[in-house]
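Undergrad: Mind looking over this structure? Questions follow.
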Amino acid sequence: MASLRPSPCALLFLFFIAMASAQLSPTFYNTSCPDALSTIQSVVATAVANESRMGASLLRLHFHDCFVNATNDVDDDDTQGCDGSVLLDDTANFTGEKNAFPNLNSIRGFDVVDSIKSQVEAICEQVVSCADILAVAARDSVVALGGPSYTVQLGRRDATTASRSAANSNLPPPTLSLSGLLSSFSSKGLSSTDMVALSGAHTIGQARCISFRAHIYTDTNIDSGFANTRQSNCPSTAGSGDNNLAPLDLQTPTTFDNNYYKNLISTKGLLHSDQELYNGGSTDSQVKAYSNSSGSFYSDFAAAMIKMGDISPLTGSSGEIRKNCRKIN
């Protein structure tokens with residue numbers, strides 16, 4: 001039997017991730033901006049206290065930032081990874097990620113990021129990148145909603161461009177099969193374990209009807225009572241109620257815990273892609289393990305978040321440190 005080996009392109013991609021990761025450090029701002037992390041944490045805590053959903057929104061911003069690669073040339077200065085490109089408004093020179101299909105009328109939290117950036121700039125002008133703000137705000141959001149803390153690697157720089165087409169092609173849609181999910185995450189250097197752990201971010205936040213309509217009306221691997229409940233606020237007709245919201249975790253939608261996995265075992269996953277994690281496939285055992293042990297989930301989630309935060313960051317002299325996260329300098 002032939003052995004399965006990563007392709008040369010995949011190995012090169014992982015090499016550059018490792019090189020970039022080596023340049024990141026949790027102490028990056030200890031001297032240049034020692035109050036940066038506490039300032040970010042304070043703004044996030046206030047925002048989440050005012051609206052608990054904001055924690056999920058900030059976490060999602062980081063995910064949607066990291067997962068978009070605009071080029072296959074992994075050492076290109078314009079490579080999109082965890083580089084704050086998701087925050088850029090459209091310009092005459094590029095159409096950015098905000099209006100890509102997975103993001104349109106969906107991603108949010110930009111005002112909170114603006115507030116963080118403004119306060120950080122007031123104490124350390126043009127030192128802390130928007131990309132690092134997203135990474136730290138994601139961690140602080142998880143903690144604010146009862147989840148695990150972890151050490152964030154720092155030193156990312158900000159992209160000077162963004163790509164709507166790259167966002168459309170790189171962000172995994174909620175219609176993916178298990179094999180599609182595994183392939184999508186593998187292309188970013190993330191394992192099956194990472195994928196299932198990161199999917200646990202759906203223990204918080206909400207999704208739009210357009211994202212789960214097909215699952216609640218046509219899929220068979222769904223609890224009938226749960227489907228009926230969700231159908232009450234999500235009409236079957238496309239274009240009707242598309243933006244109506246439902247919690248991704250029906251039990252504790254504003255608490256970061258392991259109930260997401262318990263929902264999957266009860267076939268009460270809101271998205272098709274959620275339920276694919278527990279549908280007779282290779283990830284069933286991991287879902288069961290997380291449903292029985294929040295500690296195991298927390299540990300793997302933290303490790304996967306650190307790993308995801310290392311996807312193609314700009315470091316050194318690449319990119320820039322934006323003064324305003326919405327536009328290049």
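Ordering of the structure tokens sets the chain letters (A, B, ...); residue numbers start at 1 within each chain; ligands are numbered from 1 in the order shown.
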Skipping near chain neighbours, those fewer than 3 positions away, what residues fall within 9 Å of region 96-110 of chain A using only C-alpha atoms, listed as a ChimeraX atom specification?

TA: /A:54-55,57-58,60-61,64-65,68,85-91,113-115,161-168,171-173,207-208,243,325-326

Undergrad: When you look at Ser240 (chain A) with a cut-off of 12 Å (counting only C-alpha atoms), what residues show up, excluding the ones that are within fewer than 3 positions of it in the same chain? I need them as JSON, numbers by chain.

TA: {"A": [208, 209, 210, 213, 231, 233, 234, 235, 236, 237, 243, 244]}

Undergrad: Now that the selection is made, can you save its residues with N, CA, C and O atoms as a PDB file, in the first residue's frame?

TA:
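Listed below is the output, selection03.pdb:
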```
ATOM      1  N   ARG A 208     -27.513  32.778  10.555  1.00  0.00           N
ATOM      2  CA  ARG A 208     -28.657  33.261   9.793  1.00  0.00           C
ATOM      3  C   ARG A 208     -29.409  32.105   9.142  1.00  0.00           C
ATOM      4  O   ARG A 208     -28.820  31.092   8.776  1.00  0.00           O
ATOM      5  N   CYS A 209     -30.685  32.290   8.968  1.00  0.00           N
ATOM      6  CA  CYS A 209     -31.545  31.287   8.356  1.00  0.00           C
ATOM      7  C   CYS A 209     -30.980  30.777   7.039  1.00  0.00           C
ATOM      8  O   CYS A 209     -31.022  29.565   6.752  1.00  0.00           O
ATOM      9  N   ILE A 210     -30.411  31.661   6.231  1.00  0.00           N
ATOM     10  CA  ILE A 210     -29.882  31.253   4.931  1.00  0.00           C
ATOM     11  C   ILE A 210     -28.771  30.219   5.074  1.00  0.00           C
ATOM     12  O   ILE A 210     -28.527  29.419   4.168  1.00  0.00           O
ATOM     13  N   ARG A 213     -31.025  26.757   6.459  1.00  0.00           N
ATOM     14  CA  ARG A 213     -32.332  26.418   5.882  1.00  0.00           C
ATOM     15  C   ARG A 213     -32.349  25.007   5.286  1.00  0.00           C
ATOM     16  O   ARG A 213     -33.248  24.197   5.565  1.00  0.00           O
ATOM     17  N   GLN A 231     -37.617  25.775  12.139  1.00  0.00           N
ATOM     18  CA  GLN A 231     -38.437  26.127  10.982  1.00  0.00           C
ATOM     19  C   GLN A 231     -39.431  27.238  11.295  1.00  0.00           C
ATOM     20  O   GLN A 231     -39.830  28.001  10.409  1.00  0.00           O
ATOM     21  N   ASN A 233     -38.934  29.960  12.649  1.00  0.00           N
ATOM     22  CA  ASN A 233     -38.375  31.294  12.423  1.00  0.00           C
ATOM     23  C   ASN A 233     -37.490  31.344  11.182  1.00  0.00           C
ATOM     24  O   ASN A 233     -36.735  32.291  10.980  1.00  0.00           O
ATOM     25  N   CYS A 234     -37.605  30.315  10.356  1.00  0.00           N
ATOM     26  CA  CYS A 234     -36.789  30.251   9.139  1.00  0.00           C
ATOM     27  C   CYS A 234     -37.643  29.649   8.031  1.00  0.00           C
ATOM     28  O   CYS A 234     -37.669  28.425   7.849  1.00  0.00           O
ATOM     29  N   PRO A 235     -38.378  30.467   7.291  1.00  0.00           N
ATOM     30  CA  PRO A 235     -39.259  29.967   6.229  1.00  0.00           C
ATOM     31  C   PRO A 235     -38.489  29.179   5.175  1.00  0.00           C
ATOM     32  O   PRO A 235     -37.311  29.432   4.927  1.00  0.00           O
ATOM     33  N   SER A 236     -39.162  28.221   4.565  1.00  0.00           N
ATOM     34  CA  SER A 236     -38.503  27.352   3.583  1.00  0.00           C
ATOM     35  C   SER A 236     -38.190  28.067   2.276  1.00  0.00           C
ATOM     36  O   SER A 236     -37.317  27.635   1.518  1.00  0.00           O
ATOM     37  N   THR A 237     -38.883  29.151   2.007  1.00  0.00           N
ATOM     38  CA  THR A 237     -38.703  29.866   0.741  1.00  0.00           C
ATOM     39  C   THR A 237     -37.453  30.742   0.769  1.00  0.00           C
ATOM     40  O   THR A 237     -37.297  31.595   1.659  1.00  0.00           O
ATOM     41  N   ASN A 243     -32.193  36.507   6.939  1.00  0.00           N
ATOM     42  CA  ASN A 243     -31.335  37.030   8.003  1.00  0.00           C
ATOM     43  C   ASN A 243     -31.867  36.771   9.409  1.00  0.00           C
ATOM     44  O   ASN A 243     -31.294  37.261  10.388  1.00  0.00           O
ATOM     45  N   ASN A 244     -32.954  36.008   9.519  1.00  0.00           N
ATOM     46  CA  ASN A 244     -33.452  35.643  10.843  1.00  0.00           C
ATOM     47  C   ASN A 244     -32.404  34.787  11.558  1.00  0.00           C
ATOM     48  O   ASN A 244     -31.799  33.894  10.956  1.00  0.00           O
TER      49      ASN A 244
END
```

Undergrad: Measuring atom to atom with only C-alpha atoms, identify which of A:Asn329, A:Gln119, A:Ser199, A:Ser299 is nearest to Tyr150 (chain A).

TA: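 Checking each of A:Asn329, A:Gln119, A:Ser199, A:Ser299 against Tyr150 (chain A), counting only C-alpha atoms, the winner is A:Ser299.
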
Undergrad: Determine which residues of region 140-293 of chain A receive a DSSP assignment of strand (DSSP E or B), computed from the backbone, and state them as a PyMOL selection string.

TA: chain A and resi 154+157-158+206-208+245-247

Undergrad: Restricting the calculation to only C-alpha atoms: of A:Asn69, A:Ala56, A:Tyr298, A:Ser141, which residue gets closest to Ser42 (chain A)?

TA: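 Among the listed residues, the smallest separation from Ser42 (chain A) belongs to A:Ser141.
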
Undergrad: Taking the DSSP secondary structure from the backbone, can you list the residues of region 8-136 of chain A that are helix (DSSP H, G or I), as an NGL selection string?

TA: :A and (8-23 or 36-50 or 53-66 or 85-87 or 110-123 or 130-136)

Undergrad: Determine the nearest neighbour of Thr203 (chain A) from the options A:Leu145, A:Leu176, A:Leu182, A:Ala302, counting only C-alpha atoms.

TA: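 Nearest to Thr203 (chain A): A:Leu145.
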
Undergrad: For Lys262 (chain A), which of A:Ala92, A:Leu248, A:Leu181, A:Val287 is the closest residue, counting only C-alpha atoms?

TA: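 Nearest to Lys262 (chain A): A:Val287.
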
Undergrad: Just the residues within 8 Å of Thr283 (chain A), please, counting only C-alpha atoms, with nothing from its chain fewer than 4 positions along; format it as a PyMOL selection string.

TA: chain A and resi 192+196+277-278+287

Undergrad: Could you check which of A:Glu51, A:Leu37, A:Cys82, A:Asp219 is closest to Ile123 (chain A), using only C-alpha atoms?

TA: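 Once distances to Ile123 (chain A) are computed over only C-alpha atoms, the minimum belongs to A:Leu37.
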
Undergrad: Would you please work out which residue, of A:Asp194, A:Asp284, A:Asp274, A:Asp249, is nearest to Ile306 (chain A) when using only C-alpha atoms?

TA: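 Ranked by minimum distance to Ile306 (chain A), first place goes to A:Asp194.
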